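Data file: final_33.pdb. Format and content: PDB, C-alpha atoms.
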```pdb
ATOM      1  CA  GLN A  10     108.652 104.325 105.997  1.00  0.00           C
ATOM      2  CA  VAL A  11     105.685 102.252 104.869  1.00  0.00           C
ATOM      3  CA  GLN A  12     103.033 101.176 107.329  1.00  0.00           C
ATOM      4  CA  LEU A  13     100.774  98.263 106.547  1.00  0.00           C
ATOM      5  CA  VAL A  14      97.599  97.501 108.475  1.00  0.00           C
ATOM      6  CA  GLU A  15      95.860  94.159 107.982  1.00  0.00           C
ATOM      7  CA  SER A  16      92.285  93.314 108.861  1.00  0.00           C
ATOM      8  CA  GLY A  17      89.640  90.728 108.104  1.00  0.00           C
ATOM      9  CA  GLY A  18      90.918  87.733 110.014  1.00  0.00           C
ATOM     10  CA  GLY A  19      88.728  85.666 112.280  1.00  0.00           C
ATOM     11  CA  LEU A  20      87.225  82.292 113.013  1.00  0.00           C
ATOM     12  CA  VAL A  21      85.483  80.432 110.207  1.00  0.00           C
ATOM     13  CA  GLN A  22      84.297  76.881 109.621  1.00  0.00           C
ATOM     14  CA  ALA A  23      85.991  74.667 107.091  1.00  0.00           C
ATOM     15  CA  GLY A  24      84.623  75.364 103.626  1.00  0.00           C
ATOM     16  CA  GLY A  25      83.906  78.979 104.480  1.00  0.00           C
ATOM     17  CA  SER A  26      85.393  82.215 103.171  1.00  0.00           C
ATOM     18  CA  LEU A  27      87.212  85.260 104.476  1.00  0.00           C
ATOM     19  CA  ARG A  28      88.619  88.367 102.828  1.00  0.00           C
ATOM     20  CA  LEU A  29      91.753  89.924 104.231  1.00  0.00           C
ATOM     21  CA  SER A  30      92.632  93.560 103.592  1.00  0.00           C
ATOM     22  CA  CYS A  31      95.944  95.366 103.870  1.00  0.00           C
ATOM     23  CA  VAL A  32      96.054  99.153 103.692  1.00  0.00           C
ATOM     24  CA  ALA A  33      99.365 100.842 102.863  1.00  0.00           C
ATOM     25  CA  SER A  34     100.304 104.263 104.235  1.00  0.00           C
ATOM     26  CA  ILE A  35     101.720 105.402 100.894  1.00  0.00           C
ATOM     27  CA  GLY A  36     100.424 105.315  97.353  1.00  0.00           C
ATOM     28  CA  PHE A  37     100.924 102.258  95.202  1.00  0.00           C
ATOM     29  CA  PHE A  38     103.043 104.311  92.783  1.00  0.00           C
ATOM     30  CA  SER A  39     105.757 104.026  95.456  1.00  0.00           C
ATOM     31  CA  ILE A  40     105.329 100.278  95.954  1.00  0.00           C
ATOM     32  CA  ASN A  41     106.510  97.452  93.753  1.00  0.00           C
ATOM     33  CA  ALA A  42     105.264  94.006  94.637  1.00  0.00           C
ATOM     34  CA  MET A  43     102.985  93.210  97.548  1.00  0.00           C
ATOM     35  CA  GLY A  44     102.198  89.889  99.054  1.00  0.00           C
ATOM     36  CA  TRP A  45     100.597  87.765 101.704  1.00  0.00           C
ATOM     37  CA  TYR A  46     102.519  85.291 103.833  1.00  0.00           C
ATOM     38  CA  ARG A  47     101.355  83.119 106.697  1.00  0.00           C
ATOM     39  CA  GLN A  48     102.866  81.465 109.716  1.00  0.00           C
ATOM     40  CA  ALA A  49     101.305  78.578 111.593  1.00  0.00           C
ATOM     41  CA  PRO A  50     102.450  77.671 115.127  1.00  0.00           C
ATOM     42  CA  GLY A  51     105.792  75.900 115.075  1.00  0.00           C
ATOM     43  CA  LYS A  52     106.249  76.416 111.345  1.00  0.00           C
ATOM     44  CA  PRO A  53     108.258  78.915 109.299  1.00  0.00           C
ATOM     45  CA  ARG A  54     106.592  81.800 107.526  1.00  0.00           C
ATOM     46  CA  GLU A  55     105.521  80.797 104.018  1.00  0.00           C
ATOM     47  CA  LEU A  56     104.450  82.559 100.872  1.00  0.00           C
ATOM     48  CA  VAL A  57     100.728  82.564 100.130  1.00  0.00           C
ATOM     49  CA  ALA A  58     100.394  84.954  97.171  1.00  0.00           C
ATOM     50  CA  THR A  59     102.073  87.949  95.573  1.00  0.00           C
ATOM     51  CA  ILE A  60     100.999  90.656  93.140  1.00  0.00           C
ATOM     52  CA  THR A  61     103.288  92.993  91.203  1.00  0.00           C
ATOM     53  CA  SER A  62     102.733  96.627  90.278  1.00  0.00           C
ATOM     54  CA  GLY A  63     101.629  95.314  86.898  1.00  0.00           C
ATOM     55  CA  SER A  64      99.110  93.026  88.608  1.00  0.00           C
ATOM     56  CA  SER A  65     100.907  89.785  87.792  1.00  0.00           C
ATOM     57  CA  THR A  66     100.076  87.231  90.467  1.00  0.00           C
ATOM     58  CA  ASN A  67     101.749  84.198  91.970  1.00  0.00           C
ATOM     59  CA  TYR A  68     100.301  81.634  94.382  1.00  0.00           C
ATOM     60  CA  ALA A  69     101.519  78.844  96.581  1.00  0.00           C
ATOM     61  CA  ASP A  70     100.414  75.478  95.231  1.00  0.00           C
ATOM     62  CA  SER A  71      98.451  74.835  98.399  1.00  0.00           C
ATOM     63  CA  VAL A  72      96.097  77.790  97.765  1.00  0.00           C
ATOM     64  CA  LYS A  73      95.810  77.836  93.974  1.00  0.00           C
ATOM     65  CA  GLY A  74      92.204  77.828  92.871  1.00  0.00           C
ATOM     66  CA  ARG A  75      90.974  78.799  96.345  1.00  0.00           C
ATOM     67  CA  PHE A  76      92.657  82.147  97.109  1.00  0.00           C
ATOM     68  CA  THR A  77      92.744  85.309  95.007  1.00  0.00           C
ATOM     69  CA  ILE A  78      95.025  88.296  95.547  1.00  0.00           C
ATOM     70  CA  SER A  79      94.082  91.700  94.156  1.00  0.00           C
ATOM     71  CA  ARG A  80      94.948  95.359  94.673  1.00  0.00           C
ATOM     72  CA  ASP A  81      92.899  98.560  94.596  1.00  0.00           C
ATOM     73  CA  HIS A  82      95.166 101.449  93.661  1.00  0.00           C
ATOM     74  CA  ALA A  83      92.644 104.105  94.613  1.00  0.00           C
ATOM     75  CA  LYS A  84      92.421 102.730  98.155  1.00  0.00           C
ATOM     76  CA  ASN A  85      96.091 101.724  98.553  1.00  0.00           C
ATOM     77  CA  THR A  86      94.746  98.318  99.562  1.00  0.00           C
ATOM     78  CA  VAL A  87      95.638  94.750  98.686  1.00  0.00           C
ATOM     79  CA  TYR A  88      93.135  91.973  99.317  1.00  0.00           C
ATOM     80  CA  LEU A  89      93.290  88.241  99.795  1.00  0.00           C
ATOM     81  CA  GLN A  90      90.001  86.493  99.073  1.00  0.00           C
ATOM     82  CA  MET A  91      90.102  83.061 100.668  1.00  0.00           C
ATOM     83  CA  ASN A  92      87.483  80.486  99.699  1.00  0.00           C
ATOM     84  CA  SER A  93      87.017  76.810 100.537  1.00  0.00           C
ATOM     85  CA  LEU A  94      89.081  77.270 103.668  1.00  0.00           C
ATOM     86  CA  LYS A  95      90.703  74.246 105.293  1.00  0.00           C
ATOM     87  CA  SER A  96      91.953  73.655 108.816  1.00  0.00           C
ATOM     88  CA  GLU A  97      95.513  73.731 107.462  1.00  0.00           C
ATOM     89  CA  ASP A  98      94.966  77.358 106.411  1.00  0.00           C
ATOM     90  CA  THR A  99      94.945  78.310 110.100  1.00  0.00           C
ATOM     91  CA  ALA A 100      97.793  80.768 110.669  1.00  0.00           C
ATOM     92  CA  VAL A 101      98.699  84.380 111.251  1.00  0.00           C
ATOM     93  CA  TYR A 102      98.569  86.116 107.878  1.00  0.00           C
ATOM     94  CA  TYR A 103     101.026  88.918 107.135  1.00  0.00           C
ATOM     95  CA  CYS A 104     100.969  91.506 104.389  1.00  0.00           C
ATOM     96  CA  ASN A 105     104.194  92.850 102.934  1.00  0.00           C
ATOM     97  CA  ALA A 106     105.234  95.546 100.493  1.00  0.00           C
ATOM     98  CA  ASP A 107     108.464  96.290  98.620  1.00  0.00           C
ATOM     99  CA  GLU A 108     109.202 100.015  98.327  1.00  0.00           C
ATOM    100  CA  TYR A 109     110.584 101.186  94.977  1.00  0.00           C
ATOM    101  CA  ALA A 110     112.861 103.930  96.298  1.00  0.00           C
ATOM    102  CA  THR A 111     114.691 101.903  98.929  1.00  0.00           C
ATOM    103  CA  SER A 112     113.970  98.278  97.899  1.00  0.00           C
ATOM    104  CA  ARG A 113     113.081  97.715 101.542  1.00  0.00           C
ATOM    105  CA  ARG A 114     110.437  95.183 102.456  1.00  0.00           C
ATOM    106  CA  TYR A 115     107.864  96.192 105.034  1.00  0.00           C
ATOM    107  CA  TRP A 116     105.545  93.942 107.026  1.00  0.00           C
ATOM    108  CA  GLY A 117     102.210  94.406 108.697  1.00  0.00           C
ATOM    109  CA  GLN A 118     101.441  93.245 112.213  1.00  0.00           C
ATOM    110  CA  GLY A 119      99.515  90.176 111.090  1.00  0.00           C
ATOM    111  CA  THR A 120      95.940  89.008 111.392  1.00  0.00           C
ATOM    112  CA  GLN A 121      94.855  85.652 112.796  1.00  0.00           C
ATOM    113  CA  VAL A 122      92.851  83.252 110.647  1.00  0.00           C
ATOM    114  CA  THR A 123      91.436  80.188 112.376  1.00  0.00           C
ATOM    115  CA  VAL A 124      89.571  77.512 110.448  1.00  0.00           C
ATOM    116  CA  SER A 125      87.623  75.014 112.503  1.00  0.00           C
ATOM    117  CA  SER A 126      87.001  71.546 111.136  1.00  0.00           C
TER     118      SER A 126
END
```

Turn the structure described in the file into structure tokens.
Amino acid sequence: QVQLVESGGGLVQAGGSLRLSCVASIGFFSINAMGWYRQAPGKPRELVATITSGSSTNYADSVKGRFTISRDHAKNTVYLQMNSLKSEDTAVYYCNADEYATSRRYWGQGTQVTVSS
């Protein structure tokens, strides 16, 4: 069982920045890819960014050039640095992790990001 705890959400003005953190309860040697997804009210959950165990990254077109995903193996933490935030970035942001041993995908509880225009 992998537990993921997100933090760092909040209210920010358009053009501002936030950094989200997601701490995993197990070491990264047990985790394959990790990612951030988001869900706005009335919309389906969508991919924001992913990072593999080899640190290869992938981003949604809507956040390329503004968001950066990274992972700190020593802290079992994945980050999402969000710059130049827009009102359309407002959503609940969820962290996920794919466990090597079981191939199961785990999700955090989510953290709210609200961007005011």

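With only C-alpha atoms as the atoms that count, the minimum distance from Thr111 of chain A to the choices A:Ser39, A:Thr61, A:Ser26, A:Ser34 is reached by A:Ser39.
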
Original post:
Could you state the separation of atom CA of Ala83 of chain A and atom CA of Ser64 of chain A in Å, given to one decimal place?
Top reply: 14.2 Å

**OP:** Please provide as a PyMOL selection string all residues within 6 Å of segment 98-110 of chain A, with the sequence filter that same-chain residues fewer than 4 positions apart are discarded (counting only C-alpha atoms).
**Re:** chain A and resi 39-49+114-117+119-124

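Between Gly18 of chain A and the residues A:Ile60, A:Cys31, A:Val87, A:Ile78, the shortest atom-to-atom distance, using all atoms listed in the file, involves A:Cys31.
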
**OP:** Go ahead and compute the interatomic distance for atom CA of Gly25 of chain A and atom CA of Arg75 of chain A, in Å to one decimal.
**Re:**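 About the pair atom CA of Gly25 of chain A and atom CA of Arg75 of chain A: they are 10.8 Å apart.
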
Original post:
Expanded to explicit residues, what is the PyMOL selection byres ((chain A and resi 29) around 8) for this file, as an NGL selection string?
Top reply: :A and (15-18 or 27-28 or 30-31 or 88-91)

Original post:
Between atom CA of Lys73 of chain A and atom CA of Gln118 of chain A, what is the spacing in Å?
Top reply: 24.5 Å

**OP:** Specify as an MDAnalysis selection string each residue included when the PyMOL selection byres ((chain A and resi 21-24) around 6) is applied to this file.
**Re:** chainID A and resid 20 25 93:95 124:126

**OP:** Would you kindly translate the PyMOL selection byres ((chain A and resi 82) around 10) into the concrete residues it picks from this file, as an MDAnalysis selection string?
**Re:** chainID A and resid 36:38 62 79:81 83:87

Using only C-alpha atoms, please write the residues we just selected to a file, as an mmCIF file, in the frame of the given file.
```
data_model
loop_
_atom_site.group_PDB
_atom_site.id
_atom_site.type_symbol
_atom_site.label_atom_id
_atom_site.label_comp_id
_atom_site.auth_asym_id
_atom_site.auth_seq_id
_atom_site.Cartn_x
_atom_site.Cartn_y
_atom_site.Cartn_z
ATOM 1 C CA GLY A 36 100.424 105.315 97.353
ATOM 2 C CA PHE A 37 100.924 102.258 95.202
ATOM 3 C CA PHE A 38 103.043 104.311 92.783
ATOM 4 C CA SER A 62 102.733 96.627 90.278
ATOM 5 C CA SER A 79 94.082 91.700 94.156
ATOM 6 C CA ARG A 80 94.948 95.359 94.673
ATOM 7 C CA ASP A 81 92.899 98.560 94.596
ATOM 8 C CA ALA A 83 92.644 104.105 94.613
ATOM 9 C CA LYS A 84 92.421 102.730 98.155
ATOM 10 C CA ASN A 85 96.091 101.724 98.553
ATOM 11 C CA THR A 86 94.746 98.318 99.562
ATOM 12 C CA VAL A 87 95.638 94.750 98.686
#
```

For segment 59-81 of chain A in the structure I just supplied, write out N, CA, C and O atoms - as a compact mmCIF listing (two decimals), in the first residue's frame.
```txt
# COMPACT_ATOMS: atom_id res chain seq x y z
N THR A 59 3.85 14.01 -16.00
CA THR A 59 4.33 12.76 -15.44
C THR A 59 5.85 12.75 -15.46
O THR A 59 6.49 13.47 -16.24
N ILE A 60 6.42 11.91 -14.58
CA ILE A 60 7.87 11.73 -14.53
C ILE A 60 8.15 10.26 -14.24
O ILE A 60 7.55 9.67 -13.35
N THR A 61 9.05 9.67 -15.01
CA THR A 61 9.36 8.25 -14.84
C THR A 61 10.48 8.08 -13.82
O THR A 61 11.10 9.05 -13.36
N SER A 62 10.77 6.82 -13.50
CA SER A 62 11.86 6.53 -12.57
C SER A 62 13.20 7.00 -13.13
O SER A 62 14.12 7.31 -12.38
N GLY A 63 13.28 7.10 -14.45
CA GLY A 63 14.48 7.61 -15.09
C GLY A 63 14.46 9.10 -15.31
O GLY A 63 15.33 9.65 -16.00
N SER A 64 13.44 9.76 -14.74
CA SER A 64 13.29 11.21 -14.79
C SER A 64 12.90 11.76 -16.16
O SER A 64 13.08 12.95 -16.42
N SER A 65 12.37 10.91 -17.03
CA SER A 65 11.78 11.42 -18.26
C SER A 65 10.45 12.07 -17.93
O SER A 65 9.68 11.55 -17.11
N THR A 66 10.17 13.20 -18.55
CA THR A 66 8.96 13.95 -18.22
C THR A 66 8.05 14.10 -19.42
O THR A 66 8.48 14.01 -20.58
N ASN A 67 6.76 14.31 -19.11
CA ASN A 67 5.76 14.52 -20.14
C ASN A 67 4.78 15.54 -19.59
O ASN A 67 4.43 15.51 -18.39
N TYR A 68 4.33 16.46 -20.46
CA TYR A 68 3.42 17.52 -20.02
C TYR A 68 2.22 17.64 -20.95
O TYR A 68 2.31 17.40 -22.16
N ALA A 69 1.11 18.05 -20.37
CA ALA A 69 -0.03 18.44 -21.19
C ALA A 69 0.34 19.70 -21.97
O ALA A 69 1.09 20.54 -21.47
N ASP A 70 -0.20 19.82 -23.16
CA ASP A 70 0.12 20.99 -23.99
C ASP A 70 -0.24 22.29 -23.28
O ASP A 70 0.45 23.30 -23.44
N SER A 71 -1.29 22.25 -22.49
CA SER A 71 -1.78 23.46 -21.86
C SER A 71 -0.84 24.01 -20.78
O SER A 71 -0.97 25.17 -20.38
N VAL A 72 0.11 23.19 -20.31
CA VAL A 72 1.00 23.64 -19.23
C VAL A 72 2.46 23.68 -19.65
O VAL A 72 3.32 24.10 -18.87
N LYS A 73 2.76 23.24 -20.86
CA LYS A 73 4.15 23.23 -21.32
C LYS A 73 4.74 24.63 -21.27
O LYS A 73 4.10 25.60 -21.69
N GLY A 74 5.95 24.71 -20.74
CA GLY A 74 6.62 25.99 -20.63
C GLY A 74 6.27 26.76 -19.37
O GLY A 74 6.92 27.76 -19.06
N ARG A 75 5.24 26.33 -18.66
CA ARG A 75 4.82 27.02 -17.43
C ARG A 75 5.01 26.13 -16.19
O ARG A 75 5.32 26.63 -15.12
N PHE A 76 4.78 24.84 -16.33
CA PHE A 76 4.87 23.91 -15.21
C PHE A 76 6.11 23.03 -15.35
O PHE A 76 6.50 22.68 -16.47
N THR A 77 6.68 22.65 -14.22
CA THR A 77 7.82 21.74 -14.20
C THR A 77 7.62 20.67 -13.13
O THR A 77 7.37 21.00 -11.97
N ILE A 78 7.72 19.41 -13.54
CA ILE A 78 7.63 18.31 -12.59
C ILE A 78 9.03 17.81 -12.28
O ILE A 78 9.90 17.76 -13.16
N SER A 79 9.26 17.47 -11.01
CA SER A 79 10.57 16.96 -10.61
C SER A 79 10.39 16.01 -9.42
O SER A 79 9.32 15.99 -8.81
N ARG A 80 11.40 15.21 -9.13
CA ARG A 80 11.31 14.30 -8.00
C ARG A 80 12.60 14.32 -7.21
O ARG A 80 13.69 14.42 -7.79
N ASP A 81 12.48 14.23 -5.89
CA ASP A 81 13.62 14.18 -4.98
C ASP A 81 13.62 12.80 -4.35
O ASP A 81 12.78 12.49 -3.49
```
